[in-house]
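Visitor: Input structure: query.json, which contains JSON, C-alpha atoms.
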[["chain", "number", "residue", "atom", "x", "y", "z"],
["Z", 1, "MET", "CA", 15.06, 11.63, -5.79],
["Z", 2, "ALA", "CA", 13.02, 9.08, -3.87],
["Z", 3, "GLU", "CA", 12.62, 5.53, -5.08],
["Z", 4, "VAL", "CA", 9.15, 4.56, -6.31],
["Z", 5, "VAL", "CA", 7.68, 1.72, -4.27],
["Z", 6, "ASN", "CA", 4.96, -0.58, -5.61],
["Z", 7, "PHE", "CA", 2.58, -2.24, -3.16],
["Z", 8, "ARG", "CA", -0.68, -4.11, -2.79],
["Z", 9, "VAL", "CA", -3.51, -2.45, -0.87],
["Z", 10, "VAL", "CA", -5.81, -4.80, 1.06],
["Z", 11, "ASN", "CA", -8.77, -4.33, 3.38],
["Z", 12, "GLU", "CA", -7.66, -4.98, 6.97],
["Z", 13, "GLU", "CA", -10.99, -6.53, 7.98],
["Z", 14, "ASN", "CA", -11.53, -9.10, 5.22],
["Z", 15, "GLY", "CA", -8.25, -9.25, 3.31],
["Z", 16, "ALA", "CA", -9.88, -8.19, 0.02],
["Z", 17, "LEU", "CA", -7.44, -6.79, -2.52],
["Z", 18, "LEU", "CA", -8.38, -3.16, -3.17],
["Z", 19, "GLY", "CA", -5.73, -2.58, -5.80],
["Z", 20, "ILE", "CA", -2.10, -2.06, -6.69],
["Z", 21, "SER", "CA", -0.53, 1.34, -6.25],
["Z", 22, "SER", "CA", 2.83, 3.04, -5.88],
["Z", 23, "CYS", "CA", 4.34, 6.10, -4.28],
["Z", 24, "ASP", "CA", 7.66, 7.85, -3.96],
["Z", 25, "HIS", "CA", 7.41, 8.89, -0.32],
["Z", 26, "PRO", "CA", 8.00, 6.85, 2.86],
["Z", 27, "LEU", "CA", 5.20, 4.53, 3.91],
["Z", 28, "GLU", "CA", 4.31, 4.80, 7.58],
["Z", 29, "VAL", "CA", 1.47, 3.40, 9.68],
["Z", 30, "GLY", "CA", -1.08, 6.13, 10.35],
["Z", 31, "THR", "CA", -0.36, 8.13, 7.18],
["Z", 32, "SER", "CA", -2.92, 8.57, 4.44],
["Z", 33, "PHE", "CA", -2.57, 8.24, 0.70],
["Z", 34, "LYS", "CA", -4.74, 8.19, -2.41],
["Z", 35, "MET", "CA", -4.57, 5.16, -4.65],
["Z", 36, "LYS", "CA", -3.62, 6.08, -8.21],
["Z", 37, "GLY", "CA", -6.62, 6.73, -10.41],
["Z", 38, "THR", "CA", -9.02, 7.27, -7.50],
["Z", 39, "ASP", "CA", -10.08, 10.08, -5.18],
["Z", 40, "VAL", "CA", -10.46, 7.67, -2.26],
["Z", 41, "GLU", "CA", -8.09, 8.35, 0.61],
["Z", 42, "TYR", "CA", -6.86, 5.41, 2.69],
["Z", 43, "THR", "CA", -5.12, 5.39, 6.07],
["Z", 44, "ILE", "CA", -2.36, 2.80, 6.49],
["Z", 45, "ARG", "CA", -3.16, 0.49, 9.43],
["Z", 46, "SER", "CA", -0.28, -1.94, 8.99],
["Z", 47, "ILE", "CA", 2.57, -2.69, 6.63],
["Z", 48, "SER", "CA", 3.95, -6.13, 5.89],
["Z", 49, "ILE", "CA", 6.85, -7.08, 3.68],
["Z", 50, "ASP", "CA", 7.03, -10.50, 2.06],
["Z", 51, "PRO", "CA", 10.61, -11.76, 2.38],
["Z", 52, "ASP", "CA", 10.35, -13.62, -0.93],
["Z", 53, "PRO", "CA", 11.06, -11.41, -3.91],
["Z", 54, "VAL", "CA", 7.74, -11.08, -5.68],
["Z", 55, "GLU", "CA", 6.31, -8.45, -7.98],
["Z", 56, "PHE", "CA", 4.68, -6.53, -5.12],
["Z", 57, "PRO", "CA", 6.45, -7.56, -1.89],
["Z", 58, "ILE", "CA", 4.85, -4.84, 0.26],
["Z", 59, "THR", "CA", 1.25, -5.16, 1.47],
["Z", 60, "LEU", "CA", -0.55, -2.25, 3.10],
["Z", 61, "LYS", "CA", -3.62, -2.99, 5.19],
["Z", 62, "VAL", "CA", -6.08, -0.10, 5.28]]
Here is the file; what I need is its structure written in the form of structure tokens.
Guide:
Amino acid sequence: MAEVVNFRVVNEENGALLGISSCDHPLEVGTSFKMKGTDVEYTIRSISIDPDPVEFPITLKV
């Protein structure tokens, strides 16, 4: 069973926070996903991981 990963989703162009989501499949640049509770599909443009342990250490830019 895959581990559930929580992450922040931000707009690549202006840095606006689009929401918080999670998934249980690998995150890779170029893949698409739907944020929980929406029908909007986003394509991952970059992934960054904050080295400090915070609530949502992974940020996806879409």
Visitor: Would you mind listing what lies within 12 Å of Ala16 (chain Z) as a ChimeraX atom specification, with only C-alpha atoms counted and same-chain residues fewer than 3 positions away left out?
Guide: /Z:8-13,19-20,59-62
Visitor: Could you tell me how far CA of Glu55 (chain Z) sits from CA of Val40 (chain Z), in Å to one decimal place?
Guide: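 Between these atoms lies a distance of 24.0 Å.
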Visitor: Using only C-alpha atoms, can you list as a list in words the residues within 7 Å of (-6.0, 7.8, 4.3)?
Guide: Thr31, Ser32, Phe33, Lys34, Glu41, Tyr42, Thr43 and Ile44 of chain Z
Visitor: To one decimal place in Å, what is the distance between CA of Arg45 (chain Z) and CA of Val4 (chain Z)?
Guide: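 Computed distance, CA of Arg45 (chain Z) to CA of Val4 (chain Z), equals 20.4 Å.
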Visitor: What's the separation between CA of Met35 (chain Z) and CA of Phe7 (chain Z), in Å to one decimal place?
Guide: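 Going from CA of Met35 (chain Z) over to CA of Phe7 (chain Z), I get 10.4 Å.
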Visitor: Could you tell me which of Z:Lys36, Z:Val5, Z:Leu18, Z:Cys23 comes closest to Ile49 (chain Z) if we count all atoms listed in the file?
Guide: Z:Val5
Visitor: May I ask which of the residues Z:Pro57, Z:Asp52, Z:Glu3, Z:Ile47 is the closest one to Glu28 (chain Z), counting only C-alpha atoms?
Guide: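 Selected residue with least distance to Glu28 (chain Z): Z:Ile47.
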Visitor: Would you mind writing region 23-44 of chain Z with N, CA, C and O atoms, as a PDB file, keeping the file's coordinate frame?
Guide:
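selection_14.pdb, freshly written:
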ATOM      1  N   CYS Z  23       4.079   4.743  -4.738  1.00  0.00           N
ATOM      2  CA  CYS Z  23       4.340   6.100  -4.280  1.00  0.00           C
ATOM      3  C   CYS Z  23       5.839   6.298  -4.181  1.00  0.00           C
ATOM      4  O   CYS Z  23       6.609   5.342  -4.200  1.00  0.00           O
ATOM      5  N   ASP Z  24       6.234   7.552  -4.064  1.00  0.00           N
ATOM      6  CA  ASP Z  24       7.660   7.850  -3.960  1.00  0.00           C
ATOM      7  C   ASP Z  24       7.974   8.570  -2.659  1.00  0.00           C
ATOM      8  O   ASP Z  24       8.925   9.315  -2.560  1.00  0.00           O
ATOM      9  N   HIS Z  25       7.139   8.334  -1.646  1.00  0.00           N
ATOM     10  CA  HIS Z  25       7.410   8.890  -0.320  1.00  0.00           C
ATOM     11  C   HIS Z  25       7.368   7.757   0.690  1.00  0.00           C
ATOM     12  O   HIS Z  25       6.798   6.703   0.404  1.00  0.00           O
ATOM     13  N   PRO Z  26       7.963   7.943   1.865  1.00  0.00           N
ATOM     14  CA  PRO Z  26       8.000   6.850   2.860  1.00  0.00           C
ATOM     15  C   PRO Z  26       6.614   6.409   3.281  1.00  0.00           C
ATOM     16  O   PRO Z  26       5.715   7.225   3.449  1.00  0.00           O
ATOM     17  N   LEU Z  27       6.462   5.105   3.436  1.00  0.00           N
ATOM     18  CA  LEU Z  27       5.200   4.530   3.910  1.00  0.00           C
ATOM     19  C   LEU Z  27       5.287   4.357   5.413  1.00  0.00           C
ATOM     20  O   LEU Z  27       6.215   3.737   5.914  1.00  0.00           O
ATOM     21  N   GLU Z  28       4.324   4.918   6.128  1.00  0.00           N
ATOM     22  CA  GLU Z  28       4.310   4.800   7.580  1.00  0.00           C
ATOM     23  C   GLU Z  28       2.893   4.518   8.047  1.00  0.00           C
ATOM     24  O   GLU Z  28       1.934   5.047   7.489  1.00  0.00           O
ATOM     25  N   VAL Z  29       2.773   3.694   9.089  1.00  0.00           N
ATOM     26  CA  VAL Z  29       1.470   3.400   9.680  1.00  0.00           C
ATOM     27  C   VAL Z  29       0.880   4.714  10.191  1.00  0.00           C
ATOM     28  O   VAL Z  29       1.573   5.527  10.794  1.00  0.00           O
ATOM     29  N   GLY Z  30      -0.392   4.927   9.909  1.00  0.00           N
ATOM     30  CA  GLY Z  30      -1.080   6.130  10.350  1.00  0.00           C
ATOM     31  C   GLY Z  30      -1.127   7.232   9.302  1.00  0.00           C
ATOM     32  O   GLY Z  30      -1.880   8.189   9.454  1.00  0.00           O
ATOM     33  N   THR Z  31      -0.330   7.121   8.235  1.00  0.00           N
ATOM     34  CA  THR Z  31      -0.360   8.130   7.180  1.00  0.00           C
ATOM     35  C   THR Z  31      -1.442   7.776   6.171  1.00  0.00           C
ATOM     36  O   THR Z  31      -1.864   6.632   6.058  1.00  0.00           O
ATOM     37  N   SER Z  32      -1.887   8.768   5.440  1.00  0.00           N
ATOM     38  CA  SER Z  32      -2.920   8.570   4.440  1.00  0.00           C
ATOM     39  C   SER Z  32      -2.339   8.736   3.048  1.00  0.00           C
ATOM     40  O   SER Z  32      -1.338   9.412   2.859  1.00  0.00           O
ATOM     41  N   PHE Z  33      -2.985   8.111   2.092  1.00  0.00           N
ATOM     42  CA  PHE Z  33      -2.570   8.240   0.700  1.00  0.00           C
ATOM     43  C   PHE Z  33      -3.788   8.009  -0.182  1.00  0.00           C
ATOM     44  O   PHE Z  33      -4.780   7.443   0.255  1.00  0.00           O
ATOM     45  N   LYS Z  34      -3.690   8.455  -1.422  1.00  0.00           N
ATOM     46  CA  LYS Z  34      -4.740   8.190  -2.410  1.00  0.00           C
ATOM     47  C   LYS Z  34      -4.199   7.187  -3.408  1.00  0.00           C
ATOM     48  O   LYS Z  34      -3.087   7.344  -3.905  1.00  0.00           O
ATOM     49  N   MET Z  35      -4.985   6.144  -3.669  1.00  0.00           N
ATOM     50  CA  MET Z  35      -4.570   5.160  -4.650  1.00  0.00           C
ATOM     51  C   MET Z  35      -4.641   5.806  -6.027  1.00  0.00           C
ATOM     52  O   MET Z  35      -5.537   6.586  -6.301  1.00  0.00           O
ATOM     53  N   LYS Z  36      -3.667   5.488  -6.871  1.00  0.00           N
ATOM     54  CA  LYS Z  36      -3.620   6.080  -8.210  1.00  0.00           C
ATOM     55  C   LYS Z  36      -4.922   5.818  -8.958  1.00  0.00           C
ATOM     56  O   LYS Z  36      -5.456   4.718  -8.922  1.00  0.00           O
ATOM     57  N   GLY Z  37      -5.418   6.857  -9.615  1.00  0.00           N
ATOM     58  CA  GLY Z  37      -6.620   6.730 -10.410  1.00  0.00           C
ATOM     59  C   GLY Z  37      -7.909   6.855  -9.624  1.00  0.00           C
ATOM     60  O   GLY Z  37      -8.989   6.678 -10.169  1.00  0.00           O
ATOM     61  N   THR Z  38      -7.811   7.124  -8.313  1.00  0.00           N
ATOM     62  CA  THR Z  38      -9.020   7.270  -7.500  1.00  0.00           C
ATOM     63  C   THR Z  38      -8.926   8.531  -6.651  1.00  0.00           C
ATOM     64  O   THR Z  38      -7.844   9.102  -6.472  1.00  0.00           O
ATOM     65  N   ASP Z  39     -10.053   8.954  -6.120  1.00  0.00           N
ATOM     66  CA  ASP Z  39     -10.080  10.080  -5.180  1.00  0.00           C
ATOM     67  C   ASP Z  39     -10.285   9.576  -3.757  1.00  0.00           C
ATOM     68  O   ASP Z  39     -10.492  10.361  -2.842  1.00  0.00           O
ATOM     69  N   VAL Z  40     -10.248   8.257  -3.580  1.00  0.00           N
ATOM     70  CA  VAL Z  40     -10.460   7.670  -2.260  1.00  0.00           C
ATOM     71  C   VAL Z  40      -9.165   7.743  -1.463  1.00  0.00           C
ATOM     72  O   VAL Z  40      -8.107   7.360  -1.939  1.00  0.00           O
ATOM     73  N   GLU Z  41      -9.272   8.254  -0.243  1.00  0.00           N
ATOM     74  CA  GLU Z  41      -8.090   8.350   0.610  1.00  0.00           C
ATOM     75  C   GLU Z  41      -8.112   7.216   1.629  1.00  0.00           C
ATOM     76  O   GLU Z  41      -9.126   6.958   2.264  1.00  0.00           O
ATOM     77  N   TYR Z  42      -6.991   6.526   1.756  1.00  0.00           N
ATOM     78  CA  TYR Z  42      -6.860   5.410   2.690  1.00  0.00           C
ATOM     79  C   TYR Z  42      -5.853   5.766   3.773  1.00  0.00           C
ATOM     80  O   TYR Z  42      -4.894   6.476   3.521  1.00  0.00           O
ATOM     81  N   THR Z  43      -6.074   5.243   4.976  1.00  0.00           N
ATOM     82  CA  THR Z  43      -5.120   5.390   6.070  1.00  0.00           C
ATOM     83  C   THR Z  43      -4.441   4.046   6.281  1.00  0.00           C
ATOM     84  O   THR Z  43      -5.119   3.025   6.414  1.00  0.00           O
ATOM     85  N   ILE Z  44      -3.121   4.043   6.331  1.00  0.00           N
ATOM     86  CA  ILE Z  44      -2.360   2.800   6.490  1.00  0.00           C
ATOM     87  C   ILE Z  44      -2.497   2.305   7.929  1.00  0.00           C
ATOM     88  O   ILE Z  44      -2.167   3.014   8.868  1.00  0.00           O
TER      89      ILE Z  44
END
